[in-house]
Each structure stands twice: as C-alpha cells, then as structure tokens.
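coords_4.cif (mmCIF, N, CA and C atoms and all ligand atoms)
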```cif
data_run
loop_
_atom_site.label_atom_id
_atom_site.label_comp_id
_atom_site.auth_asym_id
_atom_site.auth_seq_id
_atom_site.Cartn_x
_atom_site.Cartn_y
_atom_site.Cartn_z
N MET N 109 197.36 162.06 283.66
CA MET N 109 198.08 162.47 282.47
C MET N 109 197.95 163.96 282.21
N VAL N 110 196.98 164.60 282.86
CA VAL N 110 196.77 166.01 282.56
C VAL N 110 197.90 166.85 283.12
N GLY N 111 198.02 168.07 282.60
CA GLY N 111 199.04 168.97 283.13
C GLY N 111 200.28 168.98 282.30
N CYS N 112 200.19 168.47 281.07
CA CYS N 112 201.37 168.42 280.22
C CYS N 112 201.78 169.82 279.80
N ILE N 113 202.97 170.21 280.16
CA ILE N 113 203.46 171.50 279.70
C ILE N 113 204.65 171.30 278.80
N CYS N 114 205.00 170.08 278.54
CA CYS N 114 206.21 169.88 277.76
C CYS N 114 205.97 168.87 276.66
N LEU N 115 206.86 168.87 275.69
CA LEU N 115 206.81 167.89 274.61
C LEU N 115 207.63 166.70 275.07
N CYS N 116 207.06 165.89 275.93
CA CYS N 116 207.84 164.83 276.55
C CYS N 116 207.63 163.53 275.79
N GLN N 117 207.15 163.62 274.57
CA GLN N 117 206.91 162.46 273.72
C GLN N 117 205.82 161.56 274.29
N SER N 118 204.98 162.15 275.14
CA SER N 118 203.90 161.35 275.69
C SER N 118 202.59 161.68 274.98
N GLY N 119 202.66 162.61 274.03
CA GLY N 119 201.45 163.10 273.37
C GLY N 119 200.57 161.99 272.83
N GLY N 120 201.16 161.01 272.22
CA GLY N 120 200.36 159.94 271.62
C GLY N 120 200.02 158.83 272.58
N ARG N 121 200.52 158.93 273.81
CA ARG N 121 200.33 157.80 274.72
C ARG N 121 199.47 158.15 275.93
N HIS N 122 198.84 159.32 275.88
CA HIS N 122 197.97 159.67 276.99
C HIS N 122 196.84 158.67 277.09
N SER N 123 196.51 158.31 278.30
CA SER N 123 195.64 157.15 278.48
C SER N 123 194.17 157.50 278.69
N ALA N 124 193.80 158.77 278.43
CA ALA N 124 192.40 159.14 278.64
C ALA N 124 191.48 158.35 277.73
N THR N 125 190.46 157.77 278.30
CA THR N 125 189.51 157.00 277.49
C THR N 125 188.10 157.30 277.96
N GLY N 126 187.13 156.93 277.16
CA GLY N 126 185.73 156.98 277.54
C GLY N 126 185.25 158.37 277.89
N LYS N 127 184.39 158.44 278.90
CA LYS N 127 183.73 159.71 279.19
C LYS N 127 184.67 160.75 279.77
N ASN N 128 185.78 160.31 280.35
CA ASN N 128 186.73 161.28 280.89
C ASN N 128 187.54 161.96 279.82
N PHE N 129 187.53 161.35 278.64
CA PHE N 129 188.42 161.86 277.60
C PHE N 129 188.14 163.31 277.27
N PHE N 130 186.85 163.62 277.06
CA PHE N 130 186.53 165.00 276.66
C PHE N 130 186.96 165.98 277.72
N PHE N 131 186.64 165.66 278.99
CA PHE N 131 187.01 166.55 280.09
C PHE N 131 188.52 166.74 280.14
N GLN N 132 189.25 165.64 280.06
CA GLN N 132 190.71 165.72 280.19
C GLN N 132 191.32 166.44 278.99
N TRP N 133 190.75 166.16 277.82
CA TRP N 133 191.30 166.80 276.63
C TRP N 133 191.06 168.30 276.66
N SER N 134 189.86 168.73 277.11
CA SER N 134 189.62 170.18 277.16
C SER N 134 190.53 170.82 278.20
N TRP N 135 190.83 170.06 279.25
CA TRP N 135 191.78 170.58 280.27
C TRP N 135 193.14 170.80 279.63
N VAL N 136 193.57 169.83 278.83
CA VAL N 136 194.87 169.94 278.15
C VAL N 136 194.87 171.15 277.23
N LEU N 137 193.79 171.30 276.45
CA LEU N 137 193.71 172.43 275.51
C LEU N 137 193.75 173.75 276.25
N LYS N 138 193.03 173.82 277.38
CA LYS N 138 192.98 175.04 278.17
C LYS N 138 194.37 175.37 278.71
N THR N 139 195.05 174.36 279.20
CA THR N 139 196.39 174.56 279.75
C THR N 139 197.34 175.02 278.66
N ARG N 140 197.26 174.35 277.51
CA ARG N 140 198.13 174.72 276.38
C ARG N 140 197.86 176.17 275.97
N ALA N 141 196.57 176.52 275.94
CA ALA N 141 196.21 177.89 275.54
C ALA N 141 196.81 178.89 276.51
N ALA N 142 196.76 178.56 277.80
CA ALA N 142 197.32 179.45 278.82
C ALA N 142 198.82 179.62 278.62
N VAL N 143 199.49 178.52 278.32
CA VAL N 143 200.94 178.58 278.11
C VAL N 143 201.24 179.40 276.86
N LEU N 144 200.49 179.14 275.80
CA LEU N 144 200.69 179.89 274.55
C LEU N 144 200.50 181.37 274.78
N PHE N 145 199.48 181.71 275.58
CA PHE N 145 199.23 183.11 275.86
C PHE N 145 200.40 183.71 276.61
N ARG N 146 200.85 183.01 277.64
CA ARG N 146 201.98 183.49 278.43
C ARG N 146 203.20 183.74 277.54
N LEU N 147 203.44 182.79 276.64
CA LEU N 147 204.62 182.91 275.79
C LEU N 147 204.46 184.04 274.79
N SER N 148 203.23 184.27 274.32
CA SER N 148 203.04 185.31 273.30
C SER N 148 203.17 186.70 273.92
N VAL N 149 202.93 186.80 275.24
CA VAL N 149 203.06 188.09 275.90
C VAL N 149 204.49 188.59 275.80
N ALA N 150 205.42 187.68 275.97
CA ALA N 150 206.84 188.06 275.95
C ALA N 150 207.42 187.79 274.57
N ARG N 151 206.96 188.57 273.61
CA ARG N 151 207.41 188.33 272.24
C ARG N 151 208.82 188.86 271.97
N THR N 152 209.19 189.90 272.70
CA THR N 152 210.53 190.45 272.49
C THR N 152 211.54 189.38 272.83
N PRO N 153 212.42 189.05 271.89
CA PRO N 153 213.39 187.99 272.18
C PRO N 153 214.26 188.37 273.38
N CYS N 154 214.64 187.37 274.14
CA CYS N 154 215.50 187.62 275.30
C CYS N 154 216.84 188.15 274.81
N THR N 155 217.44 189.01 275.61
CA THR N 155 218.74 189.56 275.24
C THR N 155 219.83 188.52 275.51
N GLU N 156 221.01 188.77 274.96
CA GLU N 156 222.13 187.85 275.19
C GLU N 156 222.46 187.75 276.67
N ALA N 157 222.34 188.89 277.36
CA ALA N 157 222.64 188.90 278.80
C ALA N 157 221.63 188.04 279.56
N GLU N 158 220.34 188.13 279.15
CA GLU N 158 219.31 187.32 279.82
C GLU N 158 219.57 185.83 279.58
N ILE N 159 219.93 185.49 278.35
CA ILE N 159 220.20 184.08 278.03
C ILE N 159 221.43 183.58 278.79
N ALA N 160 222.44 184.45 278.90
CA ALA N 160 223.67 184.06 279.62
C ALA N 160 223.35 183.79 281.08
N ALA N 161 222.48 184.63 281.67
CA ALA N 161 222.10 184.43 283.07
C ALA N 161 221.30 183.13 283.22
N LEU N 162 220.41 182.87 282.24
CA LEU N 162 219.63 181.62 282.29
C LEU N 162 220.56 180.41 282.16
N ARG N 163 221.55 180.52 281.26
CA ARG N 163 222.48 179.40 281.07
C ARG N 163 223.24 179.10 282.37
N GLU N 164 223.62 180.17 283.05
CA GLU N 164 224.34 180.01 284.32
C GLU N 164 223.44 179.32 285.36
N LEU N 165 222.19 179.77 285.42
CA LEU N 165 221.24 179.19 286.37
C LEU N 165 220.97 177.73 286.04
N LEU N 166 220.75 177.44 284.74
CA LEU N 166 220.46 176.06 284.33
C LEU N 166 221.67 175.15 284.57
N THR N 167 222.87 175.69 284.39
CA THR N 167 224.07 174.90 284.65
C THR N 167 224.10 174.47 286.11
N ALA N 168 223.80 175.42 287.01
CA ALA N 168 223.80 175.11 288.44
C ALA N 168 222.68 174.13 288.79
N LEU N 169 221.47 174.40 288.29
CA LEU N 169 220.32 173.56 288.63
C LEU N 169 220.45 172.15 288.07
N ASN N 170 220.94 172.04 286.82
CA ASN N 170 221.11 170.71 286.24
C ASN N 170 222.18 169.93 286.97
N ALA N 171 223.27 170.61 287.36
CA ALA N 171 224.34 169.93 288.10
C ALA N 171 223.80 169.41 289.43
N GLU N 172 223.07 170.29 290.13
CA GLU N 172 222.53 169.91 291.44
C GLU N 172 221.53 168.75 291.33
N TRP N 173 220.57 168.87 290.41
CA TRP N 173 219.49 167.89 290.34
C TRP N 173 219.90 166.58 289.67
N THR N 174 220.81 166.62 288.70
CA THR N 174 221.22 165.34 288.09
C THR N 174 222.00 164.52 289.13
N GLN N 175 222.71 165.24 290.03
CA GLN N 175 223.43 164.53 291.09
C GLN N 175 222.44 163.99 292.13
N ARG N 176 221.50 164.82 292.56
CA ARG N 176 220.52 164.40 293.56
C ARG N 176 219.68 163.23 293.07
N LEU N 177 219.34 163.24 291.78
CA LEU N 177 218.45 162.21 291.24
C LEU N 177 219.22 161.06 290.59
N CYS N 178 220.55 161.12 290.68
CA CYS N 178 221.39 160.08 290.07
C CYS N 178 221.04 159.88 288.60
N GLU N 179 221.10 160.95 287.84
CA GLU N 179 220.81 160.90 286.41
C GLU N 179 222.01 161.44 285.63
N PRO N 180 223.06 160.63 285.47
CA PRO N 180 224.24 161.13 284.76
C PRO N 180 224.01 161.20 283.24
N GLY N 181 224.91 161.89 282.56
CA GLY N 181 224.91 161.88 281.10
C GLY N 181 223.74 162.61 280.45
N VAL N 182 223.23 163.63 281.12
CA VAL N 182 222.12 164.40 280.54
C VAL N 182 222.71 165.58 279.77
N VAL N 183 222.24 165.78 278.56
CA VAL N 183 222.66 166.97 277.82
C VAL N 183 221.47 167.91 277.68
N TRP N 184 221.75 169.20 277.68
CA TRP N 184 220.64 170.15 277.58
C TRP N 184 221.05 171.36 276.76
N LYS N 185 220.05 172.04 276.26
CA LYS N 185 220.31 173.26 275.49
C LYS N 185 219.14 174.23 275.69
N ILE N 186 219.37 175.47 275.27
CA ILE N 186 218.33 176.50 275.37
C ILE N 186 217.92 176.89 273.95
N ARG N 187 216.61 176.93 273.71
CA ARG N 187 216.11 177.33 272.41
C ARG N 187 214.86 178.18 272.60
N ARG N 188 214.51 178.94 271.57
CA ARG N 188 213.22 179.62 271.62
C ARG N 188 212.18 178.60 271.21
N LEU N 189 211.34 178.20 272.14
CA LEU N 189 210.28 177.24 271.85
C LEU N 189 208.96 178.00 271.79
N LYS N 190 208.05 177.51 270.95
CA LYS N 190 206.83 178.27 270.74
C LYS N 190 205.79 178.08 271.83
N SER N 191 205.61 176.87 272.31
CA SER N 191 204.45 176.65 273.18
C SER N 191 204.73 175.84 274.44
N VAL N 192 205.97 175.52 274.70
CA VAL N 192 206.26 174.70 275.89
C VAL N 192 207.46 175.28 276.63
N TRP N 193 207.54 174.98 277.91
CA TRP N 193 208.66 175.47 278.72
C TRP N 193 209.90 174.59 278.57
N GLY N 194 209.66 173.35 278.21
CA GLY N 194 210.80 172.45 278.05
C GLY N 194 210.37 171.20 277.34
N SER N 195 211.36 170.44 276.87
CA SER N 195 211.05 169.14 276.27
C SER N 195 212.17 168.19 276.61
N CYS N 196 211.82 166.92 276.69
CA CYS N 196 212.80 165.91 277.09
C CYS N 196 212.76 164.75 276.12
N ARG N 197 213.92 164.42 275.58
CA ARG N 197 214.02 163.23 274.73
C ARG N 197 214.56 162.10 275.58
N PHE N 198 213.65 161.20 275.88
CA PHE N 198 213.90 160.09 276.80
C PHE N 198 215.10 159.26 276.36
N ARG N 199 215.15 158.87 275.10
CA ARG N 199 216.18 157.94 274.65
C ARG N 199 217.56 158.56 274.61
N SER N 200 217.64 159.80 274.08
CA SER N 200 218.97 160.43 273.98
C SER N 200 219.33 161.21 275.24
N ARG N 201 218.42 161.19 276.24
CA ARG N 201 218.64 161.90 277.50
C ARG N 201 218.99 163.37 277.26
N SER N 202 218.27 163.98 276.33
CA SER N 202 218.55 165.39 276.05
C SER N 202 217.32 166.24 276.33
N ILE N 203 217.58 167.37 276.94
CA ILE N 203 216.51 168.28 277.36
C ILE N 203 216.70 169.63 276.68
N THR N 204 215.60 170.21 276.23
CA THR N 204 215.64 171.55 275.66
C THR N 204 214.81 172.46 276.56
N TYR N 205 215.39 173.60 276.94
CA TYR N 205 214.67 174.56 277.77
C TYR N 205 214.31 175.78 276.94
N ASN N 206 213.13 176.32 277.21
CA ASN N 206 212.67 177.51 276.50
C ASN N 206 213.43 178.74 277.00
N ALA N 207 213.94 179.52 276.05
CA ALA N 207 214.69 180.73 276.39
C ALA N 207 213.86 181.71 277.22
N GLU N 208 212.53 181.65 277.08
CA GLU N 208 211.67 182.56 277.85
C GLU N 208 211.77 182.34 279.35
N LEU N 209 212.32 181.20 279.75
CA LEU N 209 212.51 180.95 281.18
C LEU N 209 213.45 181.99 281.79
N ALA N 210 214.21 182.68 280.93
CA ALA N 210 215.12 183.73 281.40
C ALA N 210 214.36 184.82 282.15
N ARG N 211 213.04 184.90 281.90
CA ARG N 211 212.25 185.95 282.55
C ARG N 211 211.47 185.44 283.75
N HIS N 212 211.86 184.28 284.24
CA HIS N 212 211.15 183.72 285.40
C HIS N 212 212.13 183.45 286.54
N SER N 213 211.55 183.29 287.71
CA SER N 213 212.37 183.14 288.92
C SER N 213 213.10 181.80 288.95
N ARG N 214 214.08 181.74 289.81
CA ARG N 214 214.84 180.51 289.99
C ARG N 214 213.92 179.34 290.35
N ALA N 215 212.95 179.58 291.24
CA ALA N 215 212.05 178.51 291.68
C ALA N 215 211.25 177.95 290.50
N HIS N 216 210.81 178.82 289.60
CA HIS N 216 210.02 178.35 288.45
C HIS N 216 210.89 177.62 287.44
N VAL N 217 212.11 178.11 287.26
CA VAL N 217 213.04 177.40 286.36
C VAL N 217 213.36 176.03 286.96
N GLU N 218 213.53 176.01 288.27
CA GLU N 218 213.84 174.75 288.95
C GLU N 218 212.70 173.74 288.76
N TYR N 219 211.47 174.22 288.81
CA TYR N 219 210.32 173.33 288.59
C TYR N 219 210.42 172.68 287.21
N VAL N 220 210.77 173.47 286.18
CA VAL N 220 210.86 172.92 284.82
C VAL N 220 212.01 171.91 284.74
N VAL N 221 213.12 172.23 285.40
CA VAL N 221 214.28 171.31 285.40
C VAL N 221 213.88 169.97 286.03
N VAL N 222 213.21 170.01 287.18
CA VAL N 222 212.83 168.77 287.86
C VAL N 222 211.79 168.02 287.03
N HIS N 223 210.85 168.75 286.43
CA HIS N 223 209.84 168.13 285.57
C HIS N 223 210.51 167.36 284.42
N GLU N 224 211.43 168.04 283.73
CA GLU N 224 212.07 167.39 282.57
C GLU N 224 212.97 166.23 283.01
N LEU N 225 213.70 166.40 284.11
CA LEU N 225 214.56 165.31 284.58
C LEU N 225 213.73 164.11 285.03
N THR N 226 212.53 164.36 285.52
CA THR N 226 211.65 163.26 285.95
C THR N 226 211.19 162.45 284.74
N HIS N 227 211.13 163.08 283.57
CA HIS N 227 210.78 162.34 282.36
C HIS N 227 211.85 161.32 281.97
N LEU N 228 213.06 161.45 282.51
CA LEU N 228 214.08 160.44 282.22
C LEU N 228 213.71 159.12 282.89
N ARG N 229 212.91 159.21 283.95
CA ARG N 229 212.46 158.03 284.67
C ARG N 229 211.11 157.57 284.16
N VAL N 230 210.22 158.53 283.93
CA VAL N 230 208.85 158.24 283.46
C VAL N 230 208.56 159.13 282.26
N PRO N 231 208.54 158.58 281.04
CA PRO N 231 208.41 159.43 279.86
C PRO N 231 207.03 160.06 279.68
N ASN N 232 206.01 159.55 280.36
CA ASN N 232 204.66 160.11 280.19
C ASN N 232 204.23 160.87 281.45
N HIS N 233 202.97 161.31 281.48
CA HIS N 233 202.44 162.00 282.65
C HIS N 233 201.48 161.11 283.43
N GLY N 234 201.86 159.87 283.64
CA GLY N 234 201.02 158.94 284.41
C GLY N 234 201.17 159.19 285.90
N PRO N 235 200.44 158.40 286.70
CA PRO N 235 200.46 158.56 288.17
C PRO N 235 201.87 158.48 288.76
N GLU N 236 202.70 157.62 288.18
CA GLU N 236 204.06 157.46 288.70
C GLU N 236 204.86 158.75 288.51
N PHE N 237 204.61 159.44 287.40
CA PHE N 237 205.29 160.71 287.15
C PHE N 237 204.95 161.71 288.26
N TYR N 238 203.66 161.84 288.56
CA TYR N 238 203.25 162.83 289.57
C TYR N 238 203.66 162.40 290.97
N ARG N 239 203.72 161.09 291.21
CA ARG N 239 204.19 160.61 292.51
C ARG N 239 205.64 161.05 292.71
N LEU N 240 206.45 160.89 291.67
CA LEU N 240 207.85 161.32 291.76
C LEU N 240 207.97 162.83 291.92
N MET N 241 207.12 163.57 291.20
CA MET N 241 207.16 165.04 291.34
C MET N 241 206.83 165.46 292.77
N ASP N 242 205.80 164.81 293.37
CA ASP N 242 205.44 165.12 294.77
C ASP N 242 206.61 164.87 295.70
N GLU N 243 207.33 163.80 295.41
CA GLU N 243 208.45 163.41 296.25
C GLU N 243 209.64 164.35 296.06
N ARG N 244 209.88 164.73 294.82
CA ARG N 244 211.08 165.51 294.49
C ARG N 244 210.92 167.00 294.74
N LEU N 245 209.72 167.51 294.45
CA LEU N 245 209.50 168.95 294.56
C LEU N 245 208.05 169.15 295.04
N PRO N 246 207.83 169.02 296.36
CA PRO N 246 206.45 169.02 296.89
C PRO N 246 205.61 170.22 296.47
N GLU N 247 206.22 171.35 296.19
CA GLU N 247 205.43 172.54 295.84
C GLU N 247 205.25 172.71 294.33
N TRP N 248 205.46 171.64 293.57
CA TRP N 248 205.46 171.75 292.11
C TRP N 248 204.14 172.26 291.54
N LYS N 249 203.01 171.91 292.18
CA LYS N 249 201.71 172.33 291.62
C LYS N 249 201.56 173.85 291.66
N ARG N 250 201.96 174.44 292.77
CA ARG N 250 201.89 175.91 292.89
C ARG N 250 202.81 176.56 291.85
N LEU N 251 204.02 176.02 291.72
CA LEU N 251 204.99 176.59 290.77
C LEU N 251 204.47 176.50 289.35
N ARG N 252 203.86 175.37 289.01
CA ARG N 252 203.33 175.21 287.65
C ARG N 252 202.21 176.20 287.40
N ARG N 253 201.33 176.36 288.41
CA ARG N 253 200.21 177.30 288.27
C ARG N 253 200.73 178.71 288.04
N GLU N 254 201.72 179.11 288.84
CA GLU N 254 202.28 180.46 288.71
C GLU N 254 202.97 180.65 287.36
N LEU N 255 203.73 179.64 286.97
CA LEU N 255 204.46 179.73 285.70
C LEU N 255 203.50 179.89 284.52
N ASN N 256 202.37 179.20 284.60
CA ASN N 256 201.39 179.28 283.51
C ASN N 256 200.40 180.41 283.69
N GLY N 257 200.67 181.26 284.68
CA GLY N 257 199.86 182.46 284.87
C GLY N 257 198.43 182.18 285.29
N ARG N 258 198.24 181.13 286.08
CA ARG N 258 196.88 180.82 286.53
C ARG N 258 196.81 180.87 288.05
ZN ZN I 1 206.06 166.67 280.80
#
```

Will you turn the file into structure tokens for me?
Amino acid sequence: MVGCICLCQSGGRHSATGKNFFFQWSWVLKTRAAVLFRLSVARTPCTEAEIAALRELLTALNAEWTQRLCEPGVVWKIRRLKSVWGSCRFRSRSITYNAELARHSRAHVEYVVVHELTHLRVPNHGPEFYRLMDERLPEWKRLRRELNGR
C-alpha cells in the first residue's frame, strides 16, 4: 500500500496493521513530505503556454493509454493541486492532473497517467495495483523516485 502519491480514495482503506503500521505510516508521511516539498519549490503558477503544452501532452497520453488499457469513457482535467500529482475518482472515472506536471518530462507525466488509469481497475495501492504497474510500465519505480525528487 505504500507509495501513495495520489488521492485515489484509498486513504481510509490502507491495510497496514500491527507492528508494520508505524513503519509504513512513517514511509507514507516521508513520501508525502517529499512531494509537498517538490510542489512548494515551484510556487510560481504555470503560464498559460505551459498549461496548453501539458494539455496537449495529456490529450495524447490519455488517448494512447485508455486505448491500450481498454478504459473508455475517462474524463480528465488539469488543476493546481496542493500535494499530489494526480487523483482518480473510481466511480465517475474522472482524473485530475496537477498543473505542476507542466514542468516535468513526458516520461514522468506518462507515469502519472498510467498510475491514475490503473486506479480505474484497482482503487487502492494493494499488491494487485503494483502488479499491474509492473506489467504496464516496468520502469515506474524509477520514474516515481525521480518525480518525487528522491
Ligand atoms: Zn494512487
């Protein structure tokens, strides 16, 4: 369940219990702190041109990946989010991407797209979620590490 970078509505359903809980929870807090730090570095709002370029990239990536993963009817939007790169609403099949992604490479934006689209299949960060990520985007761990500046 660790490694949550998005508000995928799994917050209340993480399965950490017993002695692992403290370790896993501090890992989550550390990761969140890293993401928050990364986001706070780029406080200057993205320009309209940057957002337009991101919209174009997301249009291409969403078209490509929704077709590859057979996930029709997905709606998405770009917003300034405070602490996450993206969020996915499982029931309404809607994804929100952080405008700050405009300052990251295509590969890193693609990682967030695949992560959020995978939540349409698995709403939490359980083993099945990571199994699908390994299958869909084998280099996802490196991309996540780079995106979170670690
Ligand atoms: Zn997630």

Distance criterion (only C-alpha atoms): nearest to N:Thr155 out of N:Pro246, N:Arg188, N:Tyr205, N:Val222: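 Using only C-alpha atoms, the shortest distance to N:Thr155 belongs to N:Arg188.
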
Strand (DSSP E) residues, from DSSP on the backbone, in stretch 177-255 of chain N, as a list in words: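 Secondary structure check on stretch 177-255 of chain N, strand (DSSP E): Val183, Trp184, Lys185, Ile186, Arg187, Gly194, Ser195, Cys196, Arg197, Ser202, Ile203, Thr204, Tyr205 and Asn206 of chain N.
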
Among listed residues N:Leu245, N:Leu251, N:Ile203, N:Val230, nearest N:Val182 (using all atoms listed in the file): N:Ile203

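Taking atom CA of N:Ser202 and atom CA of N:Val183 as endpoints, the distance between them is 4.7 Å.
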
DSSP alpha helix (DSSP H) residues within stretch 212-257 of chain N, as a PyMOL selection string: chain N and resi 214-226+235-244+248-255

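Across the structure, atom N of N:Ala161 and atom N of N:Asn206 are spaced 13.3 Å apart.
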